[in-house]
file final.txt (compact mmCIF, N, CA and C atoms)
# COMPACT_ATOMS: atom_id res chain seq x y z
N MET R 1 39.23 55.00 50.20
CA MET R 1 39.72 53.64 50.07
C MET R 1 38.90 52.89 49.02
N PHE R 2 39.54 52.16 48.16
CA PHE R 2 38.89 51.41 47.09
C PHE R 2 38.36 50.09 47.63
N ARG R 3 37.10 49.79 47.31
CA ARG R 3 36.47 48.56 47.77
C ARG R 3 36.20 47.67 46.56
N GLN R 4 36.57 46.39 46.68
CA GLN R 4 36.31 45.44 45.60
C GLN R 4 34.81 45.19 45.50
N LYS R 5 34.29 45.07 44.29
CA LYS R 5 32.89 44.73 44.11
C LYS R 5 32.67 43.27 44.47
N THR R 6 31.51 42.98 45.06
CA THR R 6 31.16 41.60 45.34
C THR R 6 30.73 40.93 44.04
N THR R 7 30.64 39.61 44.06
CA THR R 7 30.18 38.87 42.89
C THR R 7 28.79 39.33 42.49
N LYS R 8 27.92 39.54 43.47
CA LYS R 8 26.57 39.99 43.17
C LYS R 8 26.59 41.35 42.49
N GLU R 9 27.43 42.26 42.98
CA GLU R 9 27.52 43.58 42.37
C GLU R 9 28.05 43.49 40.94
N ARG R 10 29.01 42.60 40.70
CA ARG R 10 29.53 42.44 39.34
C ARG R 10 28.46 41.87 38.41
N ASN R 11 27.67 40.93 38.93
CA ASN R 11 26.63 40.31 38.11
C ASN R 11 25.40 41.20 37.95
N MET R 12 25.17 42.11 38.87
CA MET R 12 23.99 42.95 38.86
C MET R 12 24.34 44.38 38.46
N SER R 13 25.25 44.55 37.56
CA SER R 13 25.66 45.90 37.19
C SER R 13 24.58 46.59 36.37
N TYR R 14 24.59 47.90 36.44
CA TYR R 14 23.64 48.70 35.67
C TYR R 14 24.21 49.01 34.30
N LYS R 15 23.35 49.00 33.31
CA LYS R 15 23.71 49.37 31.96
C LYS R 15 22.84 50.57 31.59
N LYS R 16 23.40 51.49 30.85
CA LYS R 16 22.61 52.62 30.37
C LYS R 16 21.82 52.16 29.16
N ALA R 17 20.49 52.25 29.27
CA ALA R 17 19.62 51.75 28.21
C ALA R 17 19.94 52.40 26.88
N ALA R 18 20.24 53.69 26.89
CA ALA R 18 20.53 54.40 25.64
C ALA R 18 21.79 53.86 24.96
N GLN R 19 22.65 53.18 25.72
CA GLN R 19 23.88 52.65 25.13
C GLN R 19 23.72 51.21 24.63
N VAL R 20 22.68 50.50 25.10
CA VAL R 20 22.57 49.09 24.73
C VAL R 20 21.30 48.75 23.95
N LEU R 21 20.31 49.64 23.95
CA LEU R 21 19.06 49.35 23.26
C LEU R 21 18.90 50.22 22.02
N PRO R 22 18.26 49.68 20.99
CA PRO R 22 17.96 50.51 19.82
C PRO R 22 17.01 51.64 20.22
N GLU R 23 17.12 52.78 19.56
CA GLU R 23 16.31 53.96 19.91
C GLU R 23 14.82 53.65 19.91
N GLU R 24 14.35 52.88 18.93
CA GLU R 24 12.93 52.56 18.84
C GLU R 24 12.45 51.78 20.06
N LEU R 25 13.25 50.80 20.49
CA LEU R 25 12.89 49.99 21.65
C LEU R 25 12.92 50.85 22.92
N LEU R 26 13.92 51.69 23.05
CA LEU R 26 14.01 52.58 24.21
C LEU R 26 12.77 53.48 24.28
N ALA R 27 12.35 54.01 23.16
CA ALA R 27 11.16 54.88 23.13
C ALA R 27 9.92 54.11 23.57
N GLN R 28 9.81 52.85 23.14
CA GLN R 28 8.66 52.04 23.54
C GLN R 28 8.68 51.77 25.04
N ILE R 29 9.83 51.46 25.58
CA ILE R 29 9.95 51.20 27.02
C ILE R 29 9.61 52.46 27.81
N GLN R 30 10.03 53.61 27.30
CA GLN R 30 9.76 54.87 27.99
C GLN R 30 8.27 55.19 28.06
N GLU R 31 7.48 54.59 27.20
CA GLU R 31 6.03 54.77 27.28
C GLU R 31 5.47 54.13 28.55
N TYR R 32 6.15 53.10 29.03
CA TYR R 32 5.70 52.38 30.22
C TYR R 32 6.40 52.83 31.50
N ILE R 33 7.65 53.12 31.39
CA ILE R 33 8.45 53.50 32.55
C ILE R 33 9.48 54.53 32.08
N ASP R 34 9.41 55.71 32.64
CA ASP R 34 10.25 56.81 32.16
C ASP R 34 11.08 57.36 33.32
N GLY R 35 12.37 57.22 33.23
CA GLY R 35 13.26 57.78 34.24
C GLY R 35 13.33 56.99 35.52
N GLU R 36 12.92 55.74 35.50
CA GLU R 36 12.98 54.87 36.69
C GLU R 36 13.86 53.67 36.38
N PHE R 37 14.21 52.93 37.44
CA PHE R 37 15.01 51.72 37.27
C PHE R 37 14.09 50.56 36.88
N LEU R 38 14.59 49.71 36.02
CA LEU R 38 13.85 48.55 35.57
C LEU R 38 14.77 47.34 35.64
N TYR R 39 14.33 46.29 36.33
CA TYR R 39 15.11 45.06 36.40
C TYR R 39 14.66 44.13 35.29
N ILE R 40 15.59 43.62 34.53
CA ILE R 40 15.28 42.66 33.48
C ILE R 40 15.88 41.33 33.91
N PRO R 41 15.03 40.34 34.19
CA PRO R 41 15.55 39.05 34.69
C PRO R 41 16.28 38.28 33.60
N ARG R 42 17.11 37.35 34.03
CA ARG R 42 17.82 36.48 33.09
C ARG R 42 16.82 35.62 32.34
N ALA R 43 17.17 35.26 31.13
CA ALA R 43 16.37 34.30 30.37
C ALA R 43 16.46 32.95 31.09
N ALA R 44 15.40 32.16 31.02
CA ALA R 44 15.34 30.89 31.74
C ALA R 44 16.55 30.00 31.47
N GLU R 45 17.01 29.98 30.23
CA GLU R 45 18.15 29.10 29.90
C GLU R 45 19.48 29.60 30.47
N ASN R 46 19.52 30.85 30.94
CA ASN R 46 20.75 31.41 31.51
C ASN R 46 20.75 31.44 33.04
N LYS R 47 19.65 31.00 33.65
CA LYS R 47 19.57 31.02 35.10
C LYS R 47 20.52 30.00 35.71
N ARG R 48 21.06 30.36 36.86
CA ARG R 48 21.96 29.46 37.59
C ARG R 48 21.36 29.16 38.95
N CYS R 49 21.72 28.04 39.52
CA CYS R 49 21.27 27.68 40.86
C CYS R 49 21.89 28.62 41.87
N TRP R 50 21.20 28.79 42.99
CA TRP R 50 21.70 29.63 44.06
C TRP R 50 23.08 29.13 44.49
N GLY R 51 24.03 30.05 44.62
CA GLY R 51 25.36 29.72 45.09
C GLY R 51 26.28 29.15 44.02
N ALA R 52 25.81 29.06 42.78
CA ALA R 52 26.61 28.45 41.72
C ALA R 52 27.84 29.28 41.35
N SER R 53 27.76 30.60 41.53
CA SER R 53 28.88 31.44 41.14
C SER R 53 29.75 31.88 42.32
N THR R 54 29.47 31.35 43.50
CA THR R 54 30.26 31.69 44.68
C THR R 54 30.59 30.42 45.45
N ALA R 55 31.36 30.56 46.50
CA ALA R 55 31.72 29.42 47.34
C ALA R 55 30.72 29.23 48.48
N THR R 56 29.67 30.02 48.53
CA THR R 56 28.74 29.99 49.65
C THR R 56 28.11 28.63 49.86
N ARG R 57 27.67 27.99 48.79
CA ARG R 57 27.03 26.67 48.92
C ARG R 57 27.99 25.66 49.56
N ARG R 58 29.23 25.64 49.10
CA ARG R 58 30.23 24.72 49.65
C ARG R 58 30.51 25.05 51.12
N GLU R 59 30.66 26.35 51.42
CA GLU R 59 30.95 26.77 52.79
C GLU R 59 29.83 26.39 53.75
N LEU R 60 28.58 26.54 53.32
CA LEU R 60 27.46 26.15 54.18
C LEU R 60 27.41 24.65 54.38
N ARG R 61 27.71 23.90 53.34
CA ARG R 61 27.75 22.43 53.47
C ARG R 61 28.82 22.01 54.48
N GLU R 62 30.00 22.62 54.39
CA GLU R 62 31.08 22.30 55.33
C GLU R 62 30.68 22.70 56.75
N ARG R 63 30.05 23.86 56.90
CA ARG R 63 29.60 24.30 58.23
C ARG R 63 28.59 23.29 58.79
N ASN R 64 27.64 22.87 57.97
CA ASN R 64 26.62 21.93 58.43
C ASN R 64 27.23 20.59 58.81
N GLN R 65 28.25 20.16 58.10
CA GLN R 65 28.94 18.92 58.45
C GLN R 65 29.64 19.04 59.80
N ARG R 66 30.24 20.21 60.05
CA ARG R 66 30.89 20.45 61.36
C ARG R 66 29.85 20.44 62.48
N ILE R 67 28.73 21.09 62.23
CA ILE R 67 27.65 21.13 63.23
C ILE R 67 27.20 19.70 63.54
N TYR R 68 26.99 18.91 62.52
CA TYR R 68 26.52 17.53 62.72
C TYR R 68 27.56 16.69 63.46
N ALA R 69 28.82 16.85 63.09
CA ALA R 69 29.89 16.11 63.77
C ALA R 69 29.96 16.49 65.25
N GLU R 70 29.82 17.77 65.55
CA GLU R 70 29.84 18.22 66.93
C GLU R 70 28.63 17.69 67.70
N TYR R 71 27.48 17.67 67.03
CA TYR R 71 26.27 17.12 67.64
C TYR R 71 26.47 15.65 67.99
N LEU R 72 27.03 14.88 67.05
CA LEU R 72 27.28 13.46 67.29
C LEU R 72 28.30 13.25 68.40
N ALA R 73 29.19 14.22 68.59
CA ALA R 73 30.20 14.13 69.65
C ALA R 73 29.64 14.54 71.01
N GLY R 74 28.36 14.95 71.03
CA GLY R 74 27.72 15.24 72.29
C GLY R 74 27.48 16.70 72.62
N VAL R 75 27.79 17.60 71.69
CA VAL R 75 27.55 19.03 71.94
C VAL R 75 26.05 19.28 71.86
N ARG R 76 25.51 20.00 72.82
CA ARG R 76 24.07 20.27 72.90
C ARG R 76 23.64 21.27 71.83
N ILE R 77 22.38 21.15 71.43
CA ILE R 77 21.82 22.01 70.39
C ILE R 77 21.93 23.48 70.78
N ASP R 78 21.63 23.82 72.03
CA ASP R 78 21.72 25.22 72.46
C ASP R 78 23.14 25.75 72.33
N SER R 79 24.12 24.92 72.67
CA SER R 79 25.52 25.33 72.56
C SER R 79 25.92 25.53 71.10
N LEU R 80 25.45 24.65 70.24
CA LEU R 80 25.73 24.79 68.80
C LEU R 80 25.09 26.06 68.26
N ALA R 81 23.86 26.33 68.67
CA ALA R 81 23.17 27.55 68.22
C ALA R 81 23.97 28.79 68.62
N ASP R 82 24.46 28.81 69.85
CA ASP R 82 25.26 29.96 70.30
C ASP R 82 26.57 30.06 69.52
N ALA R 83 27.22 28.93 69.32
CA ALA R 83 28.53 28.93 68.66
C ALA R 83 28.45 29.35 67.19
N TYR R 84 27.36 28.98 66.53
CA TYR R 84 27.23 29.26 65.10
C TYR R 84 26.27 30.42 64.81
N PHE R 85 25.81 31.10 65.86
CA PHE R 85 24.90 32.25 65.71
C PHE R 85 23.65 31.88 64.91
N LEU R 86 23.08 30.73 65.25
CA LEU R 86 21.86 30.25 64.62
C LEU R 86 20.83 29.96 65.70
N SER R 87 19.57 29.86 65.31
CA SER R 87 18.54 29.50 66.27
C SER R 87 18.61 27.99 66.53
N PRO R 88 18.14 27.56 67.71
CA PRO R 88 18.10 26.12 67.97
C PRO R 88 17.28 25.38 66.90
N LYS R 89 16.22 26.01 66.41
CA LYS R 89 15.40 25.39 65.36
C LYS R 89 16.21 25.17 64.08
N SER R 90 17.09 26.13 63.73
CA SER R 90 17.94 25.97 62.55
C SER R 90 18.93 24.83 62.74
N ILE R 91 19.46 24.72 63.94
CA ILE R 91 20.40 23.62 64.24
C ILE R 91 19.67 22.28 64.11
N GLN R 92 18.45 22.20 64.64
CA GLN R 92 17.67 20.97 64.54
C GLN R 92 17.41 20.61 63.07
N ARG R 93 17.10 21.62 62.26
CA ARG R 93 16.85 21.39 60.83
C ARG R 93 18.10 20.85 60.15
N ILE R 94 19.25 21.45 60.45
CA ILE R 94 20.53 21.00 59.87
C ILE R 94 20.82 19.56 60.27
N ILE R 95 20.63 19.26 61.55
CA ILE R 95 20.88 17.89 62.04
C ILE R 95 19.95 16.90 61.35
N GLY R 96 18.68 17.28 61.18
CA GLY R 96 17.72 16.42 60.49
C GLY R 96 18.12 16.15 59.05
N GLN R 97 18.57 17.20 58.36
CA GLN R 97 19.00 17.05 56.97
C GLN R 97 20.22 16.13 56.88
N MET R 98 21.17 16.34 57.78
CA MET R 98 22.38 15.53 57.75
C MET R 98 22.08 14.06 58.08
N LYS R 99 21.17 13.82 59.01
CA LYS R 99 20.77 12.45 59.34
C LYS R 99 20.16 11.77 58.12
N LYS R 100 19.29 12.51 57.41
CA LYS R 100 18.65 11.98 56.22
C LYS R 100 19.67 11.61 55.16
N GLU R 101 20.63 12.53 54.93
CA GLU R 101 21.66 12.30 53.92
C GLU R 101 22.54 11.11 54.24
N GLN R 102 22.75 10.88 55.53
CA GLN R 102 23.65 9.79 55.93
C GLN R 102 22.88 8.52 56.29
N GLY R 103 21.56 8.56 56.08
CA GLY R 103 20.74 7.37 56.29
C GLY R 103 20.64 6.92 57.73
N ARG R 104 20.66 7.86 58.66
CA ARG R 104 20.56 7.49 60.08
C ARG R 104 19.17 7.72 60.57
call {"tool": "encode", "arguments": {"input": "final.txt", "output": "structure tokens"}}
result
Amino acid sequence: MFRQKTTKERNMSYKKAAQVLPEELLAQIQEYIDGEFLYIPRAAENKRCWGASTATRRELRERNQRIYAEYLAGVRIDSLADAYFLSPKSIQRIIGQMKKEQGR
């Protein structure tokens, strides 16, 4: 069965060094690391914020808003933790953040 690549897999694809680097540069790199994987980070100007290329940031914000609304409606922290598969401490942190954002 064919599986779609995730966004992370598409962004973190492997390139064959021999196909993308000049021979001289490849030879120099091989002096330091030969036959192993090497991660080359993005240049600072190309870095993106966490969640910028996926819907995860938006989905977590919406989840946190639901948690806060349920809390305000009287749902107990332990019940929220069970419902959202989070620790009570995580629920407390989310509620604190939402209170701060809404000036309460």
call {"tool": "select_by_dssp", "arguments": {"input": "final.txt", "residues": "stretch 7-88 of chain R", "states": "helix (DSSP H, G or I)", "output": "ChimeraX atom specification"}}
result
/R:7-11,17-20,23-32,44-46,56-72,77-84,88
call {"tool": "residues_around", "arguments": {"input": "final.txt", "residues": "R:Asn64", "least_positions_apart": "6", "cutoff": "8 Å", "atoms": "all atoms listed in the file", "output": "VMD selection string"}}
result
chain R and resid 58 70 94 to 95 98
call {"tool": "closest_residue", "arguments": {"input": "final.txt", "among": "R:Lys16, R:Glu62, R:Glu23, R:Ile77", "to": "R:Gln92", "atoms": "only N, CA and C atoms"}}
result
R:Ile77
call {"tool": "atom_distance", "arguments": {"input": "final.txt", "atom1": "atom CA of R:Lys15", "atom2": "atom C of R:Glu31"}}
result
19.2 Å
call {"tool": "atom_distance", "arguments": {"input": "final.txt", "atom1": "atom CA of R:Val20", "atom2": "atom CA of R:Thr54"}}
result
27.6 Å
